[in-house]
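upload02.txt follows; it contains compact mmCIF, C-alpha atoms.
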# COMPACT_ATOMS: atom_id res chain seq x y z
CA MET O 1 -4.73 3.24 20.87
CA THR O 2 -4.00 -0.17 19.39
CA LEU O 3 -3.27 -3.11 21.65
CA LEU O 4 -1.37 -5.94 19.99
CA LEU O 5 -2.19 -8.76 22.36
CA LYS O 6 -0.14 -11.83 21.64
CA PRO O 7 -2.31 -14.95 21.79
CA ILE O 8 0.15 -17.05 23.81
CA THR O 9 -0.90 -20.08 21.81
CA ARG O 10 0.40 -21.98 18.84
CA LEU O 11 -1.75 -21.40 15.78
CA SER O 12 -0.43 -24.21 13.61
CA LEU O 13 -3.78 -26.01 13.46
CA PHE O 14 -5.66 -22.84 12.60
CA GLN O 15 -3.16 -21.75 9.99
CA THR O 16 -3.11 -25.22 8.45
CA HIS O 17 -6.89 -25.15 8.21
CA PHE O 18 -6.90 -21.93 6.20
CA GLN O 19 -3.96 -22.84 4.02
CA ILE O 20 -5.36 -26.20 3.04
CA ILE O 21 -8.99 -25.31 2.59
CA ASN O 22 -8.14 -23.09 -0.38
CA ASN O 23 -6.45 -25.98 -2.14
CA ASN O 24 -8.41 -27.59 -4.99
CA ASN O 25 -7.06 -31.02 -4.18
CA PRO O 26 -9.96 -33.18 -2.85
CA ARG O 27 -7.66 -34.91 -0.36
CA ALA O 28 -6.51 -31.56 0.96
CA ARG O 29 -10.11 -30.42 1.34
CA ALA O 30 -10.97 -33.55 3.28
CA ARG O 31 -7.99 -33.03 5.55
CA ALA O 32 -8.99 -29.41 6.10
CA ILE O 33 -12.47 -30.44 7.23
CA SER O 34 -10.92 -32.99 9.57
CA VAL O 35 -8.56 -30.46 11.12
CA SER O 36 -11.34 -27.90 11.47
CA CYS O 37 -13.66 -30.39 13.19
CA SER O 38 -10.84 -31.49 15.48
CA TRP O 39 -10.08 -28.07 16.97
CA SER O 40 -13.77 -27.15 17.01
CA HIS O 41 -14.68 -30.27 19.00
CA GLU O 42 -11.84 -29.71 21.47
CA ALA O 43 -12.75 -26.05 21.87
CA HIS O 44 -16.40 -26.87 22.56
CA LYS O 45 -15.32 -29.14 25.40
CA ILE O 46 -13.25 -26.33 26.91
CA VAL O 47 -16.08 -23.79 26.55
CA ARG O 48 -18.37 -26.03 28.63
CA GLU O 49 -15.92 -26.03 31.53
CA PHE O 50 -17.44 -22.67 32.46
CA ASP O 51 -21.07 -22.51 33.57
CA PRO O 52 -22.71 -19.08 33.06
CA LYS O 53 -25.88 -20.16 34.86
CA ILE O 54 -24.14 -20.26 38.23
CA PRO O 55 -24.67 -16.92 40.05
CA ILE O 56 -21.56 -14.83 40.57
CA GLU O 57 -21.57 -15.49 44.33
CA LYS O 58 -20.98 -19.19 43.68
CA ALA O 59 -19.35 -19.08 40.23
CA ILE O 60 -15.80 -20.02 39.38
CA THR O 61 -13.91 -18.23 36.64
CA PRO O 62 -13.24 -19.81 33.24
CA PRO O 63 -10.44 -22.38 33.35
CA SER O 64 -6.87 -21.50 32.44
CA SER O 65 -7.32 -23.38 29.15
CA TRP O 66 -9.52 -20.49 27.96
CA TYR O 67 -6.33 -18.40 28.05
CA THR O 68 -3.75 -20.93 26.86
CA ASP O 69 -5.21 -23.61 24.60
CA PRO O 70 -4.45 -23.16 20.86
CA SER O 71 -7.69 -24.78 19.68
CA PHE O 72 -9.68 -22.44 21.92
CA TYR O 73 -7.96 -19.35 20.51
CA ALA O 74 -8.57 -20.54 16.96
CA PHE O 75 -12.22 -21.09 17.85
CA GLU O 76 -12.46 -17.56 19.29
CA LEU O 77 -11.06 -16.03 16.13
CA ASP O 78 -13.64 -17.86 14.04
CA ARG O 79 -16.65 -17.26 16.30
CA VAL O 80 -15.90 -13.79 17.73
CA PHE O 81 -13.44 -11.79 15.67
CA TYR O 82 -14.24 -13.04 12.17
CA ARG O 83 -17.99 -12.62 12.62
CA GLY O 84 -19.75 -9.34 13.20
CA TRP O 85 -18.40 -5.80 13.02
CA GLN O 86 -15.04 -4.91 14.56
CA ALA O 87 -13.74 -1.38 15.15
CA VAL O 88 -10.33 -1.04 13.51
CA GLY O 89 -9.76 2.70 13.15
CA TYR O 90 -11.17 6.21 12.88
CA THR O 91 -12.64 8.12 9.95
CA GLU O 92 -10.15 10.94 10.55
CA GLN O 93 -7.39 8.53 9.54
CA ILE O 94 -8.90 8.44 6.05
CA GLN O 95 -10.34 11.93 5.94
CA GLU O 96 -8.95 12.86 2.53
CA PRO O 97 -8.88 11.02 -0.82
CA ARG O 98 -5.90 8.64 -1.11
CA ASP O 99 -5.51 8.33 2.68
CA PHE O 100 -5.01 4.78 3.98
CA PHE O 101 -4.21 2.85 7.14
CA SER O 102 -3.40 -0.80 7.70
CA GLY O 103 -3.65 -3.23 10.57
CA ARG O 104 -4.08 -6.82 11.68
CA LEU O 105 -7.01 -8.64 13.25
CA GLY O 106 -6.13 -12.18 14.27
CA ASN O 107 -4.42 -13.56 11.17
CA VAL O 108 -6.11 -11.07 8.85
CA GLU O 109 -3.89 -8.30 7.46
CA PHE O 110 -6.08 -5.46 6.18
CA VAL O 111 -5.85 -2.05 4.57
CA VAL O 112 -8.56 0.63 4.59
CA CYS O 113 -8.47 3.52 2.12
CA ARG O 114 -10.48 6.36 0.59
CA ASP O 115 -10.34 6.60 -3.20
CA ASP O 116 -10.31 9.70 -5.41
CA ASN O 117 -14.12 9.76 -5.44
CA GLY O 118 -14.30 9.74 -1.64
CA LYS O 119 -15.46 6.12 -1.35
CA ILE O 120 -14.10 4.09 1.57
CA ALA O 121 -12.92 0.56 0.79
CA ALA O 122 -11.11 -2.22 2.64
CA PHE O 123 -9.08 -5.16 1.40
CA HIS O 124 -6.89 -7.97 2.61
CA ASN O 125 -3.44 -6.38 2.63
CA VAL O 126 -1.96 -9.28 0.67
CA CYS O 127 -0.58 -9.32 -2.88
CA ARG O 128 -2.29 -11.92 -5.07
CA HIS O 129 1.05 -12.92 -6.63
CA HIS O 130 3.12 -14.41 -3.79
CA ALA O 131 1.33 -13.11 -0.67
CA SER O 132 3.61 -10.22 0.27
CA LEU O 133 2.10 -7.55 2.47
CA LEU O 134 1.49 -4.46 0.35
CA VAL O 135 1.69 -1.60 2.88
CA SER O 136 2.32 -0.95 6.54
CA GLY O 137 1.23 1.82 8.86
CA SER O 138 -0.71 4.69 7.34
CA GLY O 139 -0.18 7.40 4.76
CA LYS O 140 -1.27 8.69 1.40
CA THR O 141 -0.99 6.88 -1.94
CA SER O 142 -2.53 6.75 -5.40
CA CYS O 143 -2.10 2.98 -5.63
CA PHE O 144 -0.76 -0.04 -3.77
CA THR O 145 2.48 -1.38 -5.24
CA CYS O 146 3.82 -4.67 -3.93
CA PRO O 147 7.36 -4.18 -2.57
CA TYR O 148 8.26 -7.73 -3.59
CA HIS O 149 7.60 -7.98 -7.35
CA GLY O 150 5.94 -4.71 -8.22
CA TRP O 151 2.35 -5.82 -8.86
CA THR O 152 0.21 -2.68 -8.64
CA TYR O 153 -3.39 -2.28 -7.48
CA GLY O 154 -5.78 0.67 -7.63
CA LEU O 155 -7.53 2.01 -4.54
CA ASN O 156 -10.60 0.14 -5.78
CA GLY O 157 -8.65 -3.12 -5.46
CA GLU O 158 -8.30 -3.77 -9.19
CA LEU O 159 -4.99 -5.15 -10.43
CA ARG O 160 -3.49 -2.48 -12.65
CA LYS O 161 -0.15 -4.04 -13.49
CA ALA O 162 1.38 -7.51 -13.17
CA THR O 163 5.07 -7.34 -13.97
CA ARG O 164 7.03 -9.85 -16.09
CA ILE O 165 4.25 -12.36 -16.67
CA SER O 166 4.80 -12.91 -20.40
CA GLY O 167 4.25 -16.56 -21.27
CA ILE O 168 1.75 -17.16 -18.47
CA ASP O 169 -1.33 -19.22 -19.41
CA ASP O 170 -4.90 -19.05 -18.17
CA PHE O 171 -4.42 -15.71 -16.46
CA SER O 172 -6.94 -12.86 -16.39
CA ILE O 173 -5.97 -9.60 -14.75
CA ASN O 174 -9.61 -9.15 -13.72
CA ASP O 175 -9.45 -12.26 -11.54
CA PHE O 176 -6.49 -11.11 -9.47
CA GLY O 177 -7.68 -7.97 -7.73
CA LEU O 178 -7.29 -7.54 -4.00
CA VAL O 179 -9.68 -9.60 -1.88
CA PRO O 180 -12.29 -7.19 -0.46
CA ILE O 181 -13.48 -6.86 3.13
CA LYS O 182 -16.82 -5.31 4.03
CA VAL O 183 -16.33 -1.87 5.59
CA ALA O 184 -18.72 0.55 7.28
CA THR O 185 -18.55 3.59 9.53
CA TRP O 186 -20.47 4.59 12.63
CA GLY O 187 -19.75 8.05 13.95
CA PRO O 188 -15.95 8.39 14.03
CA PHE O 189 -15.31 4.63 13.91
CA VAL O 190 -14.27 2.51 10.92
CA LEU O 191 -15.65 -1.03 11.15
CA LEU O 192 -14.75 -4.22 9.30
CA ASN O 193 -16.71 -7.45 8.94
CA MET O 194 -14.93 -10.63 7.80
CA ASP O 195 -18.13 -12.64 7.35
CA ASN O 196 -18.44 -13.82 3.74
CA GLU O 197 -22.24 -13.57 3.86
CA ILE O 198 -21.96 -9.86 4.67
CA LEU O 199 -19.49 -9.43 1.80
CA GLN O 200 -22.16 -10.43 -0.71
CA LYS O 201 -24.43 -7.52 0.28
CA ASP O 202 -24.06 -4.46 -1.94
CA ASN O 203 -25.42 -1.89 0.50
CA ILE O 204 -24.83 -1.68 4.24
CA ASP O 205 -27.47 0.09 6.31
CA THR O 206 -25.88 2.29 8.99
CA ASP O 207 -28.70 1.62 11.47
CA ASN O 208 -28.24 -2.12 11.04
CA VAL O 209 -24.49 -1.79 11.53
CA ALA O 210 -25.00 0.16 14.75
CA SER O 211 -27.51 -2.41 15.99
CA GLU O 212 -25.31 -5.39 15.09
CA TRP O 213 -22.19 -3.82 16.57
CA LEU O 214 -23.53 -2.13 19.70
CA GLY O 215 -26.89 -3.82 20.25
CA SER O 216 -29.28 -1.87 22.44
CA SER O 217 -26.46 0.51 23.45
CA SER O 218 -26.33 2.18 20.02
CA GLU O 219 -29.29 4.47 20.71
CA LEU O 220 -27.92 5.41 24.12
CA PHE O 221 -24.53 6.28 22.65
CA SER O 222 -26.14 8.37 19.91
CA LEU O 223 -28.30 10.25 22.40
CA ASN O 224 -25.17 11.15 24.36
CA GLY O 225 -23.30 12.26 21.25
CA VAL O 226 -20.69 9.50 21.12
CA ASP O 227 -21.15 9.24 17.36
CA THR O 228 -20.82 12.99 16.78
CA THR O 229 -18.53 14.53 19.43
CA LEU O 230 -15.49 12.24 19.62
CA THR O 231 -12.40 13.44 17.74
CA TYR O 232 -9.23 11.59 16.83
CA VAL O 233 -6.16 12.73 18.80
CA CYS O 234 -3.42 10.17 18.29
CA ARG O 235 -2.63 6.49 17.83
CA ARG O 236 -0.43 4.41 20.13
CA GLU O 237 0.43 0.75 19.81
CA TYR O 238 1.38 -1.64 22.62
CA ILE O 239 2.56 -5.22 22.37
CA ILE O 240 1.36 -7.15 25.41
CA GLU O 241 2.52 -10.69 26.12
CA CYS O 242 -0.85 -12.00 27.22
CA ASN O 243 -4.04 -13.52 25.94
CA TRP O 244 -6.56 -10.87 24.86
CA LYS O 245 -9.02 -11.83 27.61
CA VAL O 246 -6.48 -11.15 30.36
CA PHE O 247 -6.44 -7.51 29.29
CA CYS O 248 -10.24 -7.39 29.12
CA ASP O 249 -10.52 -8.96 32.57
CA ASN O 250 -8.15 -6.33 33.94
CA TYR O 251 -10.33 -3.55 32.55
CA LEU O 252 -13.55 -5.15 33.82
CA ASP O 253 -12.62 -5.80 37.45
CA GLY O 254 -14.61 -2.77 38.60
CA GLY O 255 -11.55 -0.77 39.61
CA TYR O 256 -10.58 -3.54 42.06
CA HIS O 257 -6.90 -3.23 41.17
CA VAL O 258 -6.71 0.58 40.95
CA PRO O 259 -5.78 1.39 44.61
CA PHE O 260 -3.04 -1.25 44.53
CA ALA O 261 -1.61 -0.96 41.02
CA HIS O 262 -2.40 2.66 40.01
CA LYS O 263 -1.79 4.64 43.18
CA GLY O 264 -1.14 7.84 41.26
CA LEU O 265 -4.39 7.49 39.34
CA ALA O 266 -6.41 6.65 42.44
CA SER O 267 -5.19 9.72 44.30
CA GLY O 268 -5.48 12.14 41.38
CA LEU O 269 -8.88 11.20 39.96
CA SER O 270 -11.94 13.13 41.11
CA LEU O 271 -15.05 11.83 39.40
CA ASP O 272 -17.16 14.73 40.70
CA SER O 273 -15.14 17.28 38.73
CA TYR O 274 -14.07 15.05 35.81
CA THR O 275 -14.76 16.64 32.39
CA THR O 276 -13.35 16.56 28.85
CA SER O 277 -12.38 19.78 26.97
CA ASP O 278 -10.30 20.92 23.97
CA ASP O 279 -7.58 22.25 26.32
CA LYS O 280 -4.27 21.09 24.81
CA ALA O 281 -2.43 21.12 28.13
CA PHE O 282 -5.18 18.97 29.65
CA ILE O 283 -4.98 16.53 26.72
CA GLU O 284 -1.20 16.25 27.05
CA ARG O 285 -1.45 15.59 30.79
CA SER O 286 -4.15 13.00 30.16
CA LEU O 287 -2.03 11.23 27.55
CA ALA O 288 0.95 11.18 29.92
CA ASP O 289 -1.21 9.77 32.73
CA SER O 290 -2.69 7.23 30.32
CA GLU O 291 0.78 6.09 29.26
CA LYS O 292 1.82 5.54 32.88
CA VAL O 293 -1.33 3.55 33.64
CA GLN O 294 -0.89 1.55 30.44
CA MET O 295 2.63 0.52 31.40
CA GLU O 296 1.41 -0.51 34.85
CA ASP O 297 -1.41 -2.55 33.32
CA ILE O 298 0.94 -4.26 30.88
CA ARG O 299 3.13 -5.44 33.76
CA LEU O 300 0.05 -6.69 35.60
CA CYS O 301 -1.39 -8.53 32.60
CA GLU O 302 1.88 -10.16 31.61
CA GLY O 303 2.29 -11.33 35.21
CA VAL O 304 -1.23 -12.77 35.21
CA GLN O 305 -0.56 -14.61 31.95
CA LYS O 306 2.52 -16.25 33.43
CA GLY O 307 0.49 -17.23 36.48
CA ILE O 308 -2.29 -18.70 34.34
CA GLU O 309 0.27 -20.86 32.55
CA SER O 310 1.55 -22.18 35.88
CA PRO O 311 0.43 -25.68 36.95
CA ALA O 312 -0.57 -24.12 40.28
CA TYR O 313 -3.59 -22.37 38.74
CA SER O 314 -6.70 -23.76 37.07
CA THR O 315 -9.66 -21.55 38.07
CA GLY O 316 -10.38 -18.64 40.40
CA ARG O 317 -13.34 -16.87 42.00
CA TYR O 318 -15.14 -13.54 41.52
CA ALA O 319 -15.43 -10.70 44.00
CA PRO O 320 -19.24 -10.31 43.66
CA ASN O 321 -19.48 -6.63 44.61
CA VAL O 322 -16.93 -5.36 42.09
CA GLU O 323 -16.40 -7.99 39.37
CA LYS O 324 -19.93 -8.16 37.92
CA ALA O 325 -18.78 -6.74 34.58
CA MET O 326 -16.03 -9.37 34.29
CA HIS O 327 -18.50 -12.17 35.00
CA HIS O 328 -20.92 -10.69 32.45
CA PHE O 329 -18.14 -10.58 29.85
CA HIS O 330 -17.36 -14.26 30.42
CA CYS O 331 -21.04 -15.16 30.10
CA LEU O 332 -21.38 -13.19 26.85
CA LEU O 333 -18.28 -14.86 25.44
CA TYR O 334 -19.67 -18.27 26.41
CA ASP O 335 -22.89 -17.51 24.51
CA ASN O 336 -20.94 -16.43 21.43
CA LEU O 337 -18.83 -19.56 21.43
CA ILE O 338 -21.45 -22.16 22.27
CA ASN O 339 -24.19 -21.06 19.83

Kindly present the structure from the file in structure tokens form.
Amino acid sequence: MTLLLKPITRLSLFQTHFQIINNNNPRARARAISVSCSWSHEAHKIVREFDPKIPIEKAITPPSSWYTDPSFYAFELDRVFYRGWQAVGYTEQIQEPRDFFSGRLGNVEFVVCRDDNGKIAAFHNVCRHHASLLVSGSGKTSCFTCPYHGWTYGLNGELRKATRISGIDDFSINDFGLVPIKVATWGPFVLLNMDNEILQKDNIDTDNVASEWLGSSSELFSLNGVDTTLTYVCRREYIIECNWKVFCDNYLDGGYHVPFAHKGLASGLSLDSYTTSDDKAFIERSLADSEKVQMEDIRLCEGVQKGIESPAYSTGRYAPNVEKAMHHFHCLLYDNLIN
């Protein structure tokens, strides 16, 4: 399942930063640094409006600006999503040579593929000619051909063909391959890391990836077979008009909303007898129930986002007995952003 959570912010500052910083003009570089420092300084101020040291019984939730401010969202992309390992797909999506799938993380368009030798690779899904996206969705291919001007790349990222470039000066085909992204797998999951320091490492140790991605939970998950027993069933995408944290908060409220918003789920779920099996009828029923719950959650989250944007709301409170996980999530996010 892929959730396309719209940021509900304007990203002009963030986009300007990345567009300008690649310019060789010294003035442009200076302006890029200025823009970057500007949104970073503003975001730091907003981060500090939440105090993780206050116990949950007395704590207030993060301010609405955490969910609406453009500089804060840009800061989150840089500090959270573009650092560390992020799960973007499943190994079964690229099980065979020449399989590929594409996606988007923040402003990063990516493609993951398996070449003819069985090696998994990942690249920015952007043609080096005039920035067209190369592919969409998933499928099977022997190469990536730009739909705009026909530039063609191998599954190893090398530029194979640049059409109609006779007369061009100072051009080397070896310098215009696809921009790589570091990729790794853990169990059934495909992981990407946008950090440039990681990109320089030739070999990625699986144990280190698991530790960096899951922390102390990696051993627990392995012991319970999470990395060996999960199988890919299907992929579903949802576009949700809310900030990404609204959806996380909804999931982490300890089931607080279930009796009120998911009455069918609350009445039909028996944790004492809950098991997973390969029964196709059971899987189909589960997917249908999941779809219903998802639609209910989307309505809830989009309603919360509208409420957060209202001048009537600034902060809220936690229900200490059930919203511990939500409070913990906010504290972890604070630590990621402030350090």

Checklist entry - So, counting all atoms listed in the file, which residue among O:Ser71, O:Val179, O:Trp213, O:Gly187 is closest to Thr229 of chain O? => result O:Gly187

Next on the checklist: If we count only C-alpha atoms and set the cut-off at 9 Å, which residues sit around Val111 of chain O, ignoring sequence neighbours fewer than 6 positions away in its own chain? Please answer as a ChimeraX atom specification.
Outcome noted: /O:100-104,121-125,134-136,138

Next on the checklist: Would you compute the distance between atom CA of Tyr313 of chain O and atom CA of Leu332 of chain O? Give it in Å to one decimal.
Outcome noted: 23.3 Å

Next on the checklist: One number please: atom CA of Ile94 of chain O to atom CA of Tyr251 of chain O, in Å, one decimal.
Outcome noted: 29.1 Å

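The shortest atom-to-atom distance to Glu212 of chain O, with all atoms listed in the file taken into account, belongs to O:Asn193 out of O:Asn117, O:Gln294, O:Asn193, O:Thr68.
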
Item to check | Nearest to Ile308 of chain O, chosen from O:Val258, O:Ala325, O:Val246, O:Leu77, with only C-alpha atoms counted in the distances | outcome: O:Val246
